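Note: the block below is structure_30.pdb and it holds PDB, C-alpha atoms and all ligand atoms.
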```pdb
ATOM      1  CA  MET A  21      -4.634  -7.550 -31.263  1.00  0.00           C
ATOM      2  CA  SER A  22      -3.589  -4.481 -29.351  1.00  0.00           C
ATOM      3  CA  LYS A  23      -3.764  -4.117 -25.620  1.00  0.00           C
ATOM      4  CA  THR A  24      -3.934  -0.738 -23.957  1.00  0.00           C
ATOM      5  CA  ARG A  25      -1.297  -0.042 -21.391  1.00  0.00           C
ATOM      6  CA  TYR A  26      -3.062   1.155 -18.308  1.00  0.00           C
ATOM      7  CA  SER A  27      -0.842   1.307 -15.282  1.00  0.00           C
ATOM      8  CA  LYS A  28      -1.646  -0.743 -12.208  1.00  0.00           C
ATOM      9  CA  ASP A  29      -2.570   2.232 -10.085  1.00  0.00           C
ATOM     10  CA  TRP A  30      -4.812   3.609 -12.808  1.00  0.00           C
ATOM     11  CA  LYS A  31      -7.930   3.276 -10.669  1.00  0.00           C
ATOM     12  CA  GLN A  32      -6.433   5.421  -7.915  1.00  0.00           C
ATOM     13  CA  ILE A  33      -5.164   7.963 -10.408  1.00  0.00           C
ATOM     14  CA  ALA A  34      -8.547   8.128 -12.104  1.00  0.00           C
ATOM     15  CA  THR A  35     -10.399   8.517  -8.821  1.00  0.00           C
ATOM     16  CA  ALA A  36      -8.081  11.332  -7.757  1.00  0.00           C
ATOM     17  CA  VAL A  37      -8.689  13.149 -11.037  1.00  0.00           C
ATOM     18  CA  LYS A  38     -12.448  12.724 -10.667  1.00  0.00           C
ATOM     19  CA  ASP A  39     -12.371  13.961  -7.078  1.00  0.00           C
ATOM     20  CA  ALA A  40     -10.378  16.998  -8.141  1.00  0.00           C
ATOM     21  CA  SER A  41     -13.031  17.907 -10.700  1.00  0.00           C
ATOM     22  CA  ASN A  42     -15.882  17.293  -8.234  1.00  0.00           C
ATOM     23  CA  TRP A  43     -17.158  14.499 -10.466  1.00  0.00           C
ATOM     24  CA  ARG A  44     -18.118  16.987 -13.132  1.00  0.00           C
ATOM     25  CA  CYS A  45     -17.573  16.541 -16.865  1.00  0.00           C
ATOM     26  CA  THR A  46     -15.107  19.184 -18.036  1.00  0.00           C
ATOM     27  CA  LYS A  47     -16.851  19.423 -21.399  1.00  0.00           C
ATOM     28  CA  CYS A  48     -20.573  19.619 -20.671  1.00  0.00           C
ATOM     29  CA  ASP A  49     -20.512  20.251 -16.881  1.00  0.00           C
ATOM     30  CA  ARG A  50     -22.673  17.249 -16.155  1.00  0.00           C
ATOM     31  CA  ILE A  51     -22.302  16.088 -12.557  1.00  0.00           C
ATOM     32  CA  CYS A  52     -21.763  12.368 -12.624  1.00  0.00           C
ATOM     33  CA  LEU A  53     -22.439   9.611 -10.157  1.00  0.00           C
ATOM     34  CA  ARG A  54     -19.792   8.648  -7.648  1.00  0.00           C
ATOM     35  CA  PRO A  55     -19.058   4.971  -6.995  1.00  0.00           C
ATOM     36  CA  GLY A  56     -21.885   3.484  -4.983  1.00  0.00           C
ATOM     37  CA  GLU A  57     -24.367   6.178  -5.966  1.00  0.00           C
ATOM     38  CA  LYS A  58     -27.262   4.372  -7.584  1.00  0.00           C
ATOM     39  CA  PRO A  59     -30.319   6.599  -7.601  1.00  0.00           C
ATOM     40  CA  SER A  60     -33.332   4.360  -8.049  1.00  0.00           C
ATOM     41  CA  GLU A  61     -35.015   6.896 -10.323  1.00  0.00           C
ATOM     42  CA  LEU A  62     -32.330   6.317 -12.957  1.00  0.00           C
ATOM     43  CA  THR A  63     -32.373   3.290 -15.201  1.00  0.00           C
ATOM     44  CA  LEU A  64     -29.150   1.418 -15.878  1.00  0.00           C
ATOM     45  CA  SER A  65     -28.714   3.125 -19.238  1.00  0.00           C
ATOM     46  CA  GLN A  66     -29.336   6.530 -17.674  1.00  0.00           C
ATOM     47  CA  ARG A  67     -26.733   5.778 -15.023  1.00  0.00           C
ATOM     48  CA  ARG A  68     -24.252   5.010 -17.775  1.00  0.00           C
ATOM     49  CA  VAL A  69     -24.748   8.514 -19.099  1.00  0.00           C
ATOM     50  CA  TYR A  70     -23.733   9.798 -15.677  1.00  0.00           C
ATOM     51  CA  ASN A  71     -20.603   7.668 -15.620  1.00  0.00           C
ATOM     52  CA  LEU A  72     -17.536   9.877 -15.343  1.00  0.00           C
ATOM     53  CA  GLN A  73     -14.416   8.674 -17.113  1.00  0.00           C
ATOM     54  CA  VAL A  74     -10.874   9.965 -17.238  1.00  0.00           C
ATOM     55  CA  HIS A  75      -9.624  10.824 -20.686  1.00  0.00           C
ATOM     56  CA  HIS A  76      -6.032  11.006 -21.932  1.00  0.00           C
ATOM     57  CA  TYR A  77      -5.841  14.112 -24.068  1.00  0.00           C
ATOM     58  CA  ASN A  78      -2.899  12.804 -26.079  1.00  0.00           C
ATOM     59  CA  PHE A  79      -4.614   9.403 -26.423  1.00  0.00           C
ATOM     60  CA  ASP A  80      -1.724   7.678 -24.688  1.00  0.00           C
ATOM     61  CA  PRO A  81      -3.093   5.636 -21.777  1.00  0.00           C
ATOM     62  CA  SER A  82       0.387   5.260 -20.302  1.00  0.00           C
ATOM     63  CA  ASP A  83       0.805   9.013 -19.952  1.00  0.00           C
ATOM     64  CA  ASN A  84      -0.778   9.780 -16.604  1.00  0.00           C
ATOM     65  CA  ARG A  85       0.583  13.282 -16.094  1.00  0.00           C
ATOM     66  CA  LYS A  86      -2.036  15.570 -14.582  1.00  0.00           C
ATOM     67  CA  GLU A  87      -2.108  17.836 -17.611  1.00  0.00           C
ATOM     68  CA  ASN A  88      -2.848  14.902 -19.878  1.00  0.00           C
ATOM     69  CA  LEU A  89      -5.885  13.781 -17.909  1.00  0.00           C
ATOM     70  CA  GLY A  90      -9.378  15.193 -17.892  1.00  0.00           C
ATOM     71  CA  CYS A  91     -12.800  14.063 -16.703  1.00  0.00           C
ATOM     72  CA  LEU A  92     -15.479  13.431 -19.285  1.00  0.00           C
ATOM     73  CA  CYS A  93     -18.911  11.906 -18.970  1.00  0.00           C
ATOM     74  CA  SER A  94     -19.341   8.782 -21.066  1.00  0.00           C
ATOM     75  CA  GLY A  95     -21.144  10.652 -23.851  1.00  0.00           C
ATOM     76  CA  CYS A  96     -18.446  13.314 -24.218  1.00  0.00           C
ATOM     77  CA  HIS A  97     -15.735  10.690 -23.903  1.00  0.00           C
ATOM     78  CA  LEU A  98     -17.149   8.656 -26.748  1.00  0.00           C
ATOM     79  CA  HIS A  99     -17.433  11.820 -28.787  1.00  0.00           C
ATOM     80  CA  TYR A 100     -13.708  12.539 -28.326  1.00  0.00           C
ATOM     81  CA  HIS A 101     -12.745   9.086 -29.459  1.00  0.00           C
ATOM     82  CA  ARG A 102     -15.153   8.916 -32.326  1.00  0.00           C
ATOM     83  CA  PHE A 103     -13.746  12.039 -33.949  1.00  0.00           C
ATOM     84  CA  ARG A 104     -10.134  11.346 -33.281  1.00  0.00           C
ATOM     85  CA  ARG A 105      -8.384   8.114 -34.058  1.00  0.00           C
ATOM     86  CA  GLY A 106      -7.078   6.952 -30.734  1.00  0.00           C
ATOM     87  CA  ASN A 107      -5.944   3.549 -29.619  1.00  0.00           C
ATOM     88  CA  ILE A 108      -9.224   2.901 -27.859  1.00  0.00           C
ATOM     89  CA  SER A 109     -12.236   2.007 -29.933  1.00  0.00           C
ATOM     90  CA  PRO A 110     -15.737   2.995 -28.846  1.00  0.00           C
ATOM     91  CA  GLY A 111     -16.350  -0.697 -28.263  1.00  0.00           C
ATOM     92  CA  GLN A 112     -13.552  -0.831 -25.740  1.00  0.00           C
ATOM     93  CA  LEU A 113     -14.911   2.290 -24.099  1.00  0.00           C
ATOM     94  CA  SER A 114     -18.176   0.611 -23.278  1.00  0.00           C
ATOM     95  CA  LEU A 115     -16.175  -2.079 -21.502  1.00  0.00           C
ATOM     96  CA  PHE A 116     -14.471   0.598 -19.438  1.00  0.00           C
ATOM     97  CA  GLN A 117     -17.851   1.994 -18.522  1.00  0.00           C
ATOM     98  CA  LEU A 118     -18.812  -1.282 -16.964  1.00  0.00           C
ATOM     99  CA  ASN A 119     -15.532  -1.733 -15.112  1.00  0.00           C
ATOM    100  CA  ASP A 120     -14.986   1.863 -14.150  1.00  0.00           C
ATOM    101  CA  ALA A 121     -17.530   2.309 -11.399  1.00  0.00           C
TER
HETATM  102 ZN    ZN B 201     -19.971  15.542 -20.756  1.00  0.00          ZN
HETATM  103 ZN    ZN B 202     -10.398   8.855 -23.655  1.00  0.00          ZN
END
```
When written as structure tokens, how does the structure in this file appear?
Amino acid sequence: MSKTRYSKDWKQIATAVKDASNWRCTKCDRICLRPGEKPSELTLSQRRVYNLQVHHYNFDPSDNRKENLGCLCSGCHLHYHRFRRGNISPGQLSLFQLNDA
């Protein structure tokens, strides 16, 4: 059983990266929801689509250098991991979606 090594201040790092990109997916340009934004016209599953996540381009979650991090919406993020064997499975990603709000 492998555990990913996210650093303790990961949440702050991730939020800073998202702020810097104006909460926009760097792949498809989708503007995602900020924490606390819960538009009532969106269903829960639609909101998940607008969930911005921070991706490690070298697939090493312990490498938090700026150039290794990029913002992706949940759809694009899953896409990256599905087509590249990383140490995070798509199943784990959906857990991050729930925690990473
Ligand atoms: Zn996207
Ligand atoms: Zn990723």
Query raised in the report: the PyMOL selection byres (((chain A and resi 52) around 6) and not hetatm) on the file shown: which residues, as a PyMOL selection string?
Result: chain A and resi 43-44+51+53+70-72
Emit the selected residues as a compact mmCIF listing (two decimals), keeping the file's coordinate frame, including C-alpha atoms.
```txt
# COMPACT_ATOMS: atom_id res chain seq x y z
CA TRP A 43 -17.16 14.50 -10.47
CA ARG A 44 -18.12 16.99 -13.13
CA ILE A 51 -22.30 16.09 -12.56
CA LEU A 53 -22.44 9.61 -10.16
CA TYR A 70 -23.73 9.80 -15.68
CA ASN A 71 -20.60 7.67 -15.62
CA LEU A 72 -17.54 9.88 -15.34
```
Quick one: which residues end up in the PyMOL selection byres (((not hetatm)) within 7 of (chain B and resi 202)) for this structure, as a PyMOL selection string?
chain A and resi 74-77+79+97+100-101
Problem - Near-ligand residues for ligand ZN 201 (chain B), threshold 7 Å, only C-alpha atoms and all ligand atoms, as a PyMOL selection string - result: chain A and resi 45-50+92-96
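When all atoms listed in the file are used to compute distances to Ser27 in chain A, the closest of the residues A:Asn88, A:Gln73, A:Asn42, A:Ser82 turns out to be A:Ser82.
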The distance between CA of Pro81 in chain A and CA of Gln32 in chain A is 14.3 Å
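Picture a line from CA of Arg104 in chain A to CA of Val37 in chain A; it runs 22.4 Å.
Counting only C-alpha atoms, the residue from A:Asn78, A:Ser65, A:Asn84, A:Gly90 that sits nearest to Lys28 in chain A is A:Asn84.
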From CA of Leu98 in chain A to CA of Arg85 in chain A the spacing works out at 21.2 Å
Using all atoms listed in the file, the shortest atom-to-atom distance to Tyr26 in chain A among A:Asp80, A:Glu61, A:Glu87, A:Asp39 belongs to A:Asp80
Please complete range 67-101 of chain A with N, CA and C atoms and give it back as a PDB file, in the coordinates of the input.
```
ATOM      1  N   ARG A  67     -27.902   5.715 -15.901  1.00  0.00           N
ATOM      2  CA  ARG A  67     -26.733   5.778 -15.023  1.00  0.00           C
ATOM      3  C   ARG A  67     -25.452   5.770 -15.823  1.00  0.00           C
ATOM      4  N   ARG A  68     -25.456   5.054 -16.947  1.00  0.00           N
ATOM      5  CA  ARG A  68     -24.252   5.010 -17.775  1.00  0.00           C
ATOM      6  C   ARG A  68     -23.927   6.377 -18.320  1.00  0.00           C
ATOM      7  N   VAL A  69     -24.962   7.158 -18.608  1.00  0.00           N
ATOM      8  CA  VAL A  69     -24.748   8.514 -19.099  1.00  0.00           C
ATOM      9  C   VAL A  69     -24.030   9.352 -18.033  1.00  0.00           C
ATOM     10  N   TYR A  70     -24.323   9.053 -16.788  1.00  0.00           N
ATOM     11  CA  TYR A  70     -23.733   9.798 -15.677  1.00  0.00           C
ATOM     12  C   TYR A  70     -22.459   9.139 -15.157  1.00  0.00           C
ATOM     13  N   ASN A  71     -21.828   8.346 -16.008  1.00  0.00           N
ATOM     14  CA  ASN A  71     -20.603   7.668 -15.620  1.00  0.00           C
ATOM     15  C   ASN A  71     -19.415   8.540 -16.030  1.00  0.00           C
ATOM     16  N   LEU A  72     -18.669   9.019 -15.044  1.00  0.00           N
ATOM     17  CA  LEU A  72     -17.536   9.877 -15.343  1.00  0.00           C
ATOM     18  C   LEU A  72     -16.309   9.034 -15.662  1.00  0.00           C
ATOM     19  N   GLN A  73     -15.601   9.411 -16.708  1.00  0.00           N
ATOM     20  CA  GLN A  73     -14.416   8.674 -17.113  1.00  0.00           C
ATOM     21  C   GLN A  73     -13.252   9.645 -17.254  1.00  0.00           C
ATOM     22  N   VAL A  74     -12.059   9.117 -17.117  1.00  0.00           N
ATOM     23  CA  VAL A  74     -10.874   9.965 -17.238  1.00  0.00           C
ATOM     24  C   VAL A  74     -10.275   9.764 -18.622  1.00  0.00           C
ATOM     25  N   HIS A  75     -10.107  10.864 -19.313  1.00  0.00           N
ATOM     26  CA  HIS A  75      -9.624  10.824 -20.686  1.00  0.00           C
ATOM     27  C   HIS A  75      -8.162  11.253 -20.765  1.00  0.00           C
ATOM     28  N   HIS A  76      -7.411  10.602 -21.651  1.00  0.00           N
ATOM     29  CA  HIS A  76      -6.032  11.006 -21.932  1.00  0.00           C
ATOM     30  C   HIS A  76      -6.050  11.901 -23.156  1.00  0.00           C
ATOM     31  N   TYR A  77      -5.726  13.161 -22.963  1.00  0.00           N
ATOM     32  CA  TYR A  77      -5.841  14.112 -24.068  1.00  0.00           C
ATOM     33  C   TYR A  77      -4.923  13.772 -25.233  1.00  0.00           C
ATOM     34  N   ASN A  78      -3.780  13.172 -24.960  1.00  0.00           N
ATOM     35  CA  ASN A  78      -2.899  12.804 -26.079  1.00  0.00           C
ATOM     36  C   ASN A  78      -3.143  11.358 -26.534  1.00  0.00           C
ATOM     37  N   PHE A  79      -4.201  10.758 -26.030  1.00  0.00           N
ATOM     38  CA  PHE A  79      -4.614   9.403 -26.423  1.00  0.00           C
ATOM     39  C   PHE A  79      -3.545   8.372 -26.103  1.00  0.00           C
ATOM     40  N   ASP A  80      -2.718   8.650 -25.127  1.00  0.00           N
ATOM     41  CA  ASP A  80      -1.724   7.678 -24.688  1.00  0.00           C
ATOM     42  C   ASP A  80      -2.061   7.253 -23.262  1.00  0.00           C
ATOM     43  N   PRO A  81      -2.632   6.066 -23.105  1.00  0.00           N
ATOM     44  CA  PRO A  81      -3.093   5.636 -21.777  1.00  0.00           C
ATOM     45  C   PRO A  81      -1.958   5.433 -20.780  1.00  0.00           C
ATOM     46  N   SER A  82      -0.723   5.432 -21.243  1.00  0.00           N
ATOM     47  CA  SER A  82       0.387   5.260 -20.302  1.00  0.00           C
ATOM     48  C   SER A  82       0.892   6.604 -19.789  1.00  0.00           C
ATOM     49  N   ASP A  83       0.372   7.673 -20.355  1.00  0.00           N
ATOM     50  CA  ASP A  83       0.805   9.013 -19.952  1.00  0.00           C
ATOM     51  C   ASP A  83      -0.178   9.570 -18.925  1.00  0.00           C
ATOM     52  N   ASN A  84       0.151   9.384 -17.660  1.00  0.00           N
ATOM     53  CA  ASN A  84      -0.778   9.780 -16.604  1.00  0.00           C
ATOM     54  C   ASN A  84      -0.375  11.086 -15.931  1.00  0.00           C
ATOM     55  N   ARG A  85       0.300  11.968 -16.659  1.00  0.00           N
ATOM     56  CA  ARG A  85       0.583  13.282 -16.094  1.00  0.00           C
ATOM     57  C   ARG A  85      -0.727  14.037 -15.935  1.00  0.00           C
ATOM     58  N   LYS A  86      -0.806  14.836 -14.875  1.00  0.00           N
ATOM     59  CA  LYS A  86      -2.036  15.570 -14.582  1.00  0.00           C
ATOM     60  C   LYS A  86      -2.557  16.329 -15.784  1.00  0.00           C
ATOM     61  N   GLU A  87      -1.657  16.992 -16.512  1.00  0.00           N
ATOM     62  CA  GLU A  87      -2.108  17.836 -17.611  1.00  0.00           C
ATOM     63  C   GLU A  87      -2.614  17.038 -18.796  1.00  0.00           C
ATOM     64  N   ASN A  88      -2.356  15.740 -18.784  1.00  0.00           N
ATOM     65  CA  ASN A  88      -2.848  14.902 -19.878  1.00  0.00           C
ATOM     66  C   ASN A  88      -4.211  14.298 -19.566  1.00  0.00           C
ATOM     67  N   LEU A  89      -4.656  14.447 -18.327  1.00  0.00           N
ATOM     68  CA  LEU A  89      -5.885  13.781 -17.909  1.00  0.00           C
ATOM     69  C   LEU A  89      -7.024  14.771 -17.704  1.00  0.00           C
ATOM     70  N   GLY A  90      -8.215  14.362 -18.114  1.00  0.00           N
ATOM     71  CA  GLY A  90      -9.378  15.193 -17.892  1.00  0.00           C
ATOM     72  C   GLY A  90     -10.609  14.327 -17.708  1.00  0.00           C
ATOM     73  N   CYS A  91     -11.586  14.825 -16.957  1.00  0.00           N
ATOM     74  CA  CYS A  91     -12.800  14.063 -16.703  1.00  0.00           C
ATOM     75  C   CYS A  91     -13.839  14.353 -17.775  1.00  0.00           C
ATOM     76  N   LEU A  92     -14.410  13.299 -18.297  1.00  0.00           N
ATOM     77  CA  LEU A  92     -15.479  13.431 -19.285  1.00  0.00           C
ATOM     78  C   LEU A  92     -16.582  12.451 -18.938  1.00  0.00           C
ATOM     79  N   CYS A  93     -17.821  12.858 -19.118  1.00  0.00           N
ATOM     80  CA  CYS A  93     -18.911  11.906 -18.970  1.00  0.00           C
ATOM     81  C   CYS A  93     -18.835  10.935 -20.148  1.00  0.00           C
ATOM     82  N   SER A  94     -19.532   9.815 -20.048  1.00  0.00           N
ATOM     83  CA  SER A  94     -19.341   8.782 -21.066  1.00  0.00           C
ATOM     84  C   SER A  94     -19.715   9.273 -22.461  1.00  0.00           C
ATOM     85  N   GLY A  95     -20.738  10.135 -22.550  1.00  0.00           N
ATOM     86  CA  GLY A  95     -21.144  10.652 -23.851  1.00  0.00           C
ATOM     87  C   GLY A  95     -20.055  11.505 -24.488  1.00  0.00           C
ATOM     88  N   CYS A  96     -19.498  12.444 -23.701  1.00  0.00           N
ATOM     89  CA  CYS A  96     -18.446  13.314 -24.218  1.00  0.00           C
ATOM     90  C   CYS A  96     -17.186  12.511 -24.521  1.00  0.00           C
ATOM     91  N   HIS A  97     -16.926  11.503 -23.709  1.00  0.00           N
ATOM     92  CA  HIS A  97     -15.735  10.690 -23.903  1.00  0.00           C
ATOM     93  C   HIS A  97     -15.802   9.949 -25.232  1.00  0.00           C
ATOM     94  N   LEU A  98     -16.963   9.356 -25.486  1.00  0.00           N
ATOM     95  CA  LEU A  98     -17.149   8.656 -26.748  1.00  0.00           C
ATOM     96  C   LEU A  98     -16.978   9.600 -27.924  1.00  0.00           C
ATOM     97  N   HIS A  99     -17.519  10.789 -27.759  1.00  0.00           N
ATOM     98  CA  HIS A  99     -17.433  11.820 -28.787  1.00  0.00           C
ATOM     99  C   HIS A  99     -15.967  12.093 -29.132  1.00  0.00           C
ATOM    100  N   TYR A 100     -15.130  12.277 -28.104  1.00  0.00           N
ATOM    101  CA  TYR A 100     -13.708  12.539 -28.326  1.00  0.00           C
ATOM    102  C   TYR A 100     -13.072  11.426 -29.136  1.00  0.00           C
ATOM    103  N   HIS A 101     -13.412  10.198 -28.799  1.00  0.00           N
ATOM    104  CA  HIS A 101     -12.745   9.086 -29.459  1.00  0.00           C
ATOM    105  C   HIS A 101     -13.295   8.811 -30.836  1.00  0.00           C
TER     106      HIS A 101
END
```
